[in-house]
Amino acid sequence: MHIKTETAERHTLAVIVDNEPGILARIAGLFTARGYNIESLTVSEITHDKAVSRITIVTSASPPVMEQIMAQLDRLVPVHRVTDLTVAGEHVERELALVKVAGVGDKRIEAMRLAEVYRGRVVDATTSSFVFEVTGGRDKIDKFVELMGEVGLVEVARTGIVAISRGRDAA
Amino acid sequence: MTEKSGADILVEALCDLGVEVVFGYPGGAVLPIYDALFRQSKERGGRIRHILVRHEQAATHAAEGYARSTGKPGVVLVTSGPGATNAVTGITDALLDSIPMVVITGQVPTGLIGTDAFQEADTVGITRHCTKHNYLVKDPAKLGAVIHEAFHIATSGRPGPVVIDIPKDVQVATAKYAKPGPIQHKTYRPQVKADRAAVEAVVDMLAAAERPVLYTGGGIINSGPAASQLLRELVRLTGAPVTSTLMGLGAYPATGPHWLGMLGMHGTYEANMAMNQADLVVAIGSRFDDRVTGRLDAFSPNSRKVHIDIDRSSVNKNVRVDLAVIADAGHALEDMVHIWKARQHPRPDLTEWNHRIDGWRAVRCLDFPEGNGTEIMPQRAVRALYEATKARQPIITTEVGQHQMWAAQHFGFEAPNKWLTSGGLGTMGYGLPAAIGAQLGNPNALVIDIAGEASIQMNIQELATASQYRLPVKIFILNNEYMGMVRQWQELTYSSRYAESYSESLPDFVKLAEAYGWKGIRIETLDQLDGGIADMLAHDGPVLVDCMVSKLTNCFPMIPSGAAHTDMILQANEVSGEMDDEAKALV
């Protein structure tokens, strides 16, 4: 006998929550408890009084499971609203990465040149290293990190996706 | 306004919320609360009565029994660490069966949280996914509001358990408390009124259906007694046959003309065949559980399906439906009845459908072979108990296993809130504490725990609780010396290799009962059955009946796990010996 799996599609969710203790554990735990995927999860307060947070979750699921994920998130007591940005319409996704590269000579020059192509900013430099800041979609950052692998990549820190709908209305 | 200690705020808030009974067990981290309870206890003119259980799990099941039989929330008070972890099973049980319950747990002082202090456990972490919501209260000024909010969440929408974890220093520190007004929660606003157009569509479908079935569940019980009356009214108007989940028994009377019996794994032939052949299934407060649906791709294949439920996440979880109505079952039923009447729909002609159903009824699937004349068939015992007690409309609780299914099949329930059983979680040890809770909420009712000899031992210590509070609870053990349902599955799936399912070294239950101050009765042969039951009913205190029944009888009908409704096993001689791996992997 073999374990069955379903085909899944990638979705980006915006979850607006009351910023109470344990809320992140509640959301992340719901995903593990019910066997849903999390590709990335970002969270930060979004109001002056720090009362409300926005959580961006990238998940992959089949359409019926996606419907369940939405409903399960929505019934958590501290959740204000859940939006599936992938379904709701066009939206913008961005991720920020800090990429540390070490090297001298040609590799150092090549790293700098590639960073310019990718509109990376130098946020730290020594005579033998750089830290680049790059933002963009997931694919762009994947590609940049891959390229840096050839010119002295030391380590990477990525924020995970944040996303917002296009146009004038809130999601 | 003078300040009060957190413990006094808690007790005052409970009084403001109308709490009359608290099930609990003291310990270091709740001593301030116990002192506050002591000072205002019922014995001293207060309104709250504390019931001392013998194990915290029993406190939660007793609270469930109290809640399920009265419609009021059950309240539990336990200490930190082991007090809280012992309560987890009952909390999870209440979550699965949608029982309103508020559990107050003591916690180590805030300064010690996270230090692995004595009797420290991460209660909010442990209970996060077995509660509807939970709180750790670090500020006594917020305690009163949290308690009121917790009751609001536990009792509204789809009911469930809520845990409030209160560190000991918060119980001692002082703050102001005032009873809050009606709660308008920022984010939690369950939808109770149905969308009018959706209900109109359901009525259209019911009026047009040729082969309708109403598939009802615990949501109707949770909505309150009025919902059961409205269901009966709807059935009278539409003539639609009714089946129910385990949790919904009693919403429609078992003696009613349109009653099909329970559906699902141990449901009746007529209920499952009607579901299979229906052209319209209207699910009301039920959730298409795997025990109900059997094999999903063969579940009611030719019907349009309507799902009326207060919890949107129940819709399309297991079975895709054609129309969802998000509402409290009672509100939706009221709207349906109202619209049906306003339109002056005639009662649909279901003659042909009823004729087919009568054909399935004629199979008489609940009939069972009588024993050898002296041995007692367990089904016979349940029926004898039903005949002897039905005039008193008893409250029946059960443990989990064969006896539970026989009780569901052979005991008729005429009214809601009379049937208390662990459906979703399937918790052995539920029945005795639940009976204790039900008896406290219904002092004049006849409360009987139909038990198995294995399950009853899981919370047997609660015999003492019933003795202490002089609760005339009855326990009726169907003793076959096996964990019968485990043995039945081993017969079906593992060629009768009975791994650990024999109840070895059983106590003498009669002596055990007497040791706790109960009356004990043993029934061993068929000729003793009616007399033994009469003796049980004649005694005005708690009675344990150890009824020896046929040892190897199995519970039928049965749909094997993963089989279709049409693949019911009706009798023991249809049982096969070994199943393939796919079947073995199913629950």
# chains A, B, ... in the order shown; residues from 1 in each chain; ligands from 1
>>> closest_atom_pairs(of="chain A", to="chain B", cutoff="10 Å", atoms="only C-alpha atoms", output="CSV")
residue,atom,partner,partner_atom,distance
A:Met1,CA,B:Asp581,CA,6.3
A:His2,CA,B:Glu582,CA,8.8
A:Ile3,CA,B:Glu582,CA,9.8
A:Val17,CA,B:Thr187,CA,8.5
A:Asp18,CA,B:Thr187,CA,8.0
A:Glu20,CA,B:Tyr135,CA,9.8
A:Pro21,CA,B:Leu136,CA,8.7
A:Gly22,CA,B:Gly125,CA,8.3
A:Ala25,CA,B:Gly125,CA,8.3
A:Arg26,CA,B:Arg128,CA,6.7
A:Gly29,CA,B:His129,CA,7.5
A:Leu30,CA,B:His129,CA,7.3
A:Ala33,CA,B:His129,CA,7.7
A:Pro64,CA,B:Asn316,CA,7.4
A:Val65,CA,B:Lys317,CA,8.0
A:Glu67,CA,B:Asn316,CA,8.1
A:Gln68,CA,B:Ser313,CA,6.1
A:Ile69,CA,B:Ser313,CA,8.5
A:Met70,CA,B:Ser313,CA,8.2
A:Ala71,CA,B:Ser313,CA,4.7
A:Gln72,CA,B:Ser313,CA,5.7
A:Leu73,CA,B:Ser313,CA,9.0
A:Asp74,CA,B:Ser313,CA,8.5
A:Arg75,CA,B:Ser313,CA,7.6
A:Leu76,CA,B:His133,CA,7.7
A:Val77,CA,B:Tyr188,CA,5.4
A:Pro78,CA,B:Thr187,CA,5.9
A:Val79,CA,B:Thr187,CA,6.1
A:His80,CA,B:Thr187,CA,5.1
A:Arg81,CA,B:Thr187,CA,8.3
>>> write_last_selection(atoms="C-alpha atoms", output="mmCIF file, in the first residue's frame")
data_model
loop_
_atom_site.group_PDB
_atom_site.id
_atom_site.type_symbol
_atom_site.label_atom_id
_atom_site.label_comp_id
_atom_site.auth_asym_id
_atom_site.auth_seq_id
_atom_site.Cartn_x
_atom_site.Cartn_y
_atom_site.Cartn_z
ATOM 1 C CA MET A 1 0.000 0.000 0.000
ATOM 2 C CA HIS A 2 1.193 3.519 -0.757
ATOM 3 C CA ILE A 3 0.257 6.837 0.824
ATOM 4 C CA VAL A 17 -5.425 39.288 13.038
ATOM 5 C CA ASP A 18 -5.702 40.782 16.475
ATOM 6 C CA GLU A 20 -2.576 38.917 20.860
ATOM 7 C CA PRO A 21 -0.015 36.600 22.462
ATOM 8 C CA GLY A 22 0.107 33.209 20.830
ATOM 9 C CA ALA A 25 1.468 29.756 17.201
ATOM 10 C CA ARG A 26 -2.285 29.454 16.706
ATOM 11 C CA GLY A 29 -0.188 25.229 14.581
ATOM 12 C CA LEU A 30 -3.439 25.083 12.632
ATOM 13 C CA ALA A 33 -2.370 20.092 12.956
ATOM 14 C CA PRO A 64 -10.941 21.714 -1.782
ATOM 15 C CA VAL A 65 -8.146 21.903 0.785
ATOM 16 C CA GLU A 67 -11.375 26.174 0.786
ATOM 17 C CA GLN A 68 -10.819 24.406 4.103
ATOM 18 C CA ILE A 69 -7.715 26.463 4.884
ATOM 19 C CA MET A 70 -9.677 29.666 4.367
ATOM 20 C CA ALA A 71 -12.589 28.482 6.520
ATOM 21 C CA GLN A 72 -10.368 27.133 9.277
ATOM 22 C CA LEU A 73 -8.377 30.373 9.450
ATOM 23 C CA ASP A 74 -11.542 32.443 9.413
ATOM 24 C CA ARG A 75 -13.044 30.672 12.411
ATOM 25 C CA LEU A 76 -10.077 31.354 14.701
ATOM 26 C CA VAL A 77 -11.350 33.824 17.247
ATOM 27 C CA PRO A 78 -8.639 36.534 16.805
ATOM 28 C CA VAL A 79 -8.837 36.556 12.978
ATOM 29 C CA HIS A 80 -10.444 39.668 11.451
ATOM 30 C CA ARG A 81 -10.422 38.475 7.853
#
>>> select_by_dssp(residues="range 2-103 of chain A", states="strand (DSSP E or B)", output="number ranges by chain")
A: 9-18, 40-45, 52-61, 79-84, 91-102
>>> write_last_selection(atoms="C-alpha atoms", output="PDB file, in the first residue's frame")
ATOM      1  CA  GLU A   9      -1.525  24.897  -6.375  1.00  0.00           C
ATOM      2  CA  ARG A  10       0.329  27.798  -4.824  1.00  0.00           C
ATOM      3  CA  HIS A  11      -1.743  30.495  -3.080  1.00  0.00           C
ATOM      4  CA  THR A  12      -0.808  33.673  -1.239  1.00  0.00           C
ATOM      5  CA  LEU A  13      -3.047  34.572   1.689  1.00  0.00           C
ATOM      6  CA  ALA A  14      -3.371  37.795   3.656  1.00  0.00           C
ATOM      7  CA  VAL A  15      -4.617  37.173   7.202  1.00  0.00           C
ATOM      8  CA  ILE A  16      -5.537  40.177   9.343  1.00  0.00           C
ATOM      9  CA  VAL A  17      -5.425  39.288  13.038  1.00  0.00           C
ATOM     10  CA  ASP A  18      -5.702  40.782  16.475  1.00  0.00           C
ATOM     11  CA  SER A  40       6.538  31.010   3.796  1.00  0.00           C
ATOM     12  CA  LEU A  41       4.948  33.049   6.545  1.00  0.00           C
ATOM     13  CA  THR A  42       5.623  36.660   7.429  1.00  0.00           C
ATOM     14  CA  VAL A  43       4.036  38.700  10.179  1.00  0.00           C
ATOM     15  CA  SER A  44       4.192  42.264  11.422  1.00  0.00           C
ATOM     16  CA  GLU A  45       2.053  44.825  13.191  1.00  0.00           C
ATOM     17  CA  VAL A  52      -3.514  44.456  14.497  1.00  0.00           C
ATOM     18  CA  SER A  53      -1.054  42.338  12.550  1.00  0.00           C
ATOM     19  CA  ARG A  54      -0.973  41.235   8.953  1.00  0.00           C
ATOM     20  CA  ILE A  55       0.232  37.726   8.245  1.00  0.00           C
ATOM     21  CA  THR A  56       1.173  36.752   4.710  1.00  0.00           C
ATOM     22  CA  ILE A  57       1.136  33.013   4.126  1.00  0.00           C
ATOM     23  CA  VAL A  58       2.239  31.243   0.984  1.00  0.00           C
ATOM     24  CA  THR A  59       0.763  27.777   0.886  1.00  0.00           C
ATOM     25  CA  SER A  60       0.099  25.097  -1.685  1.00  0.00           C
ATOM     26  CA  ALA A  61      -3.052  23.027  -1.674  1.00  0.00           C
ATOM     27  CA  VAL A  79      -8.837  36.556  12.978  1.00  0.00           C
ATOM     28  CA  HIS A  80     -10.444  39.668  11.451  1.00  0.00           C
ATOM     29  CA  ARG A  81     -10.422  38.475   7.853  1.00  0.00           C
ATOM     30  CA  VAL A  82      -8.678  36.179   5.424  1.00  0.00           C
ATOM     31  CA  THR A  83      -8.105  36.952   1.746  1.00  0.00           C
ATOM     32  CA  ASP A  84      -6.776  34.594  -0.886  1.00  0.00           C
ATOM     33  CA  HIS A  91      -1.578  41.453  -6.570  1.00  0.00           C
ATOM     34  CA  VAL A  92       2.042  42.348  -5.983  1.00  0.00           C
ATOM     35  CA  GLU A  93       4.415  40.008  -4.172  1.00  0.00           C
ATOM     36  CA  ARG A  94       7.780  41.088  -2.832  1.00  0.00           C
ATOM     37  CA  GLU A  95      10.502  39.539  -0.775  1.00  0.00           C
ATOM     38  CA  LEU A  96      13.628  41.053   0.675  1.00  0.00           C
ATOM     39  CA  ALA A  97      16.902  39.162   0.957  1.00  0.00           C
ATOM     40  CA  LEU A  98      20.221  39.983   2.579  1.00  0.00           C
ATOM     41  CA  VAL A  99      22.987  38.144   0.766  1.00  0.00           C
ATOM     42  CA  LYS A 100      26.535  37.906   2.115  1.00  0.00           C
ATOM     43  CA  VAL A 101      29.289  37.309  -0.413  1.00  0.00           C
ATOM     44  CA  ALA A 102      33.024  36.985   0.310  1.00  0.00           C
TER      45      ALA A 102
END
>>> closest_residue(among="B:Val382, B:Val163, B:Leu10, B:Met336", to="Ile126 in chain B", atoms="only C-alpha atoms")
B:Val163
>>> atom_distance(atom1="CA of His61 in chain B", atom2="CA of Leu246 in chain B")
17.5 Å
>>> select_by_dssp(residues="chain A", states="helix (DSSP H, G or I)", output="MDAnalysis selection string")
chainID A and resid 23:33 63:74 85:88 106:117 138:148
>>> write_last_selection(atoms="C-alpha atoms", output="mmCIF file, in the first residue's frame")
data_model
loop_
_atom_site.group_PDB
_atom_site.id
_atom_site.type_symbol
_atom_site.label_atom_id
_atom_site.label_comp_id
_atom_site.auth_asym_id
_atom_site.auth_seq_id
_atom_site.Cartn_x
_atom_site.Cartn_y
_atom_site.Cartn_z
ATOM 1 C CA ILE A 23 -1.579 34.248 17.594
ATOM 2 C CA LEU A 24 1.359 33.143 15.453
ATOM 3 C CA ALA A 25 1.468 29.756 17.201
ATOM 4 C CA ARG A 26 -2.285 29.454 16.706
ATOM 5 C CA ILE A 27 -2.004 30.046 12.946
ATOM 6 C CA ALA A 28 1.147 28.004 12.363
ATOM 7 C CA GLY A 29 -0.188 25.229 14.581
ATOM 8 C CA LEU A 30 -3.439 25.083 12.632
ATOM 9 C CA PHE A 31 -1.426 24.388 9.483
ATOM 10 C CA THR A 32 0.599 21.583 11.056
ATOM 11 C CA ALA A 33 -2.370 20.092 12.956
ATOM 12 C CA PRO A 63 -8.839 23.587 -4.387
ATOM 13 C CA PRO A 64 -10.941 21.714 -1.782
ATOM 14 C CA VAL A 65 -8.146 21.903 0.785
ATOM 15 C CA MET A 66 -7.704 25.587 -0.052
ATOM 16 C CA GLU A 67 -11.375 26.174 0.786
ATOM 17 C CA GLN A 68 -10.819 24.406 4.103
ATOM 18 C CA ILE A 69 -7.715 26.463 4.884
ATOM 19 C CA MET A 70 -9.677 29.666 4.367
ATOM 20 C CA ALA A 71 -12.589 28.482 6.520
ATOM 21 C CA GLN A 72 -10.368 27.133 9.277
ATOM 22 C CA LEU A 73 -8.377 30.373 9.450
ATOM 23 C CA ASP A 74 -11.542 32.443 9.413
ATOM 24 C CA LEU A 85 -4.826 37.134 -2.946
ATOM 25 C CA THR A 86 -4.176 34.574 -5.661
ATOM 26 C CA VAL A 87 -7.912 34.239 -6.242
ATOM 27 C CA ALA A 88 -9.001 37.784 -5.372
ATOM 28 C CA ASP A 106 37.496 39.179 -10.213
ATOM 29 C CA LYS A 107 34.875 37.403 -8.143
ATOM 30 C CA ARG A 108 34.377 40.500 -6.022
ATOM 31 C CA ILE A 109 34.001 42.680 -9.111
ATOM 32 C CA GLU A 110 31.608 40.184 -10.727
ATOM 33 C CA ALA A 111 29.490 40.025 -7.566
ATOM 34 C CA MET A 112 29.220 43.822 -7.555
ATOM 35 C CA ARG A 113 28.288 43.898 -11.232
ATOM 36 C CA LEU A 114 25.593 41.239 -10.853
ATOM 37 C CA ALA A 115 24.176 43.048 -7.851
ATOM 38 C CA GLU A 116 23.835 46.190 -9.970
ATOM 39 C CA VAL A 117 21.956 44.224 -12.626
ATOM 40 C CA ARG A 138 10.616 35.026 -5.336
ATOM 41 C CA ASP A 139 12.034 33.987 -8.733
ATOM 42 C CA LYS A 140 14.293 37.017 -8.972
ATOM 43 C CA ILE A 141 15.751 36.395 -5.548
ATOM 44 C CA ASP A 142 16.161 32.694 -6.218
ATOM 45 C CA LYS A 143 18.097 33.561 -9.360
ATOM 46 C CA PHE A 144 20.244 36.182 -7.646
ATOM 47 C CA VAL A 145 21.163 33.780 -4.837
ATOM 48 C CA GLU A 146 21.988 31.124 -7.412
ATOM 49 C CA LEU A 147 24.309 33.496 -9.243
ATOM 50 C CA MET A 148 26.000 34.566 -6.033
#
>>> residues_around(residues="Gly330 in chain B", least_positions_apart="3", cutoff="6 Å", atoms="only C-alpha atoms", output="number ranges by chain")
B: 223, 227, 333
>>> write_last_selection(atoms="C-alpha atoms", output="short mmCIF file (atom, residue, chain, number, x, y, z; two decimals), in the first residue's frame")
data_model
loop_
_atom_site.label_atom_id
_atom_site.label_comp_id
_atom_site.auth_asym_id
_atom_site.auth_seq_id
_atom_site.Cartn_x
_atom_site.Cartn_y
_atom_site.Cartn_z
CA SER B 223 -29.56 24.88 19.22
CA ALA B 227 -35.04 23.38 17.26
CA LEU B 333 -35.54 25.33 10.61
#
>>> closest_atom_pairs(of="range 9-119 of chain B", to="range 392-407 of chain B", cutoff="12 Å", atoms="only C-alpha atoms", output="CSV")
residue,atom,partner,partner_atom,distance
B:His61,CA,B:Thr397,CA,10.8
B:Ala62,CA,B:Thr397,CA,10.9
B:Glu64,CA,B:Thr397,CA,10.9
B:Gly65,CA,B:Thr397,CA,8.1
B:Tyr66,CA,B:Ile395,CA,11.1
B:Arg68,CA,B:Ile395,CA,10.3
B:Ser69,CA,B:Ile395,CA,7.8
B:Thr70,CA,B:Ile395,CA,10.9
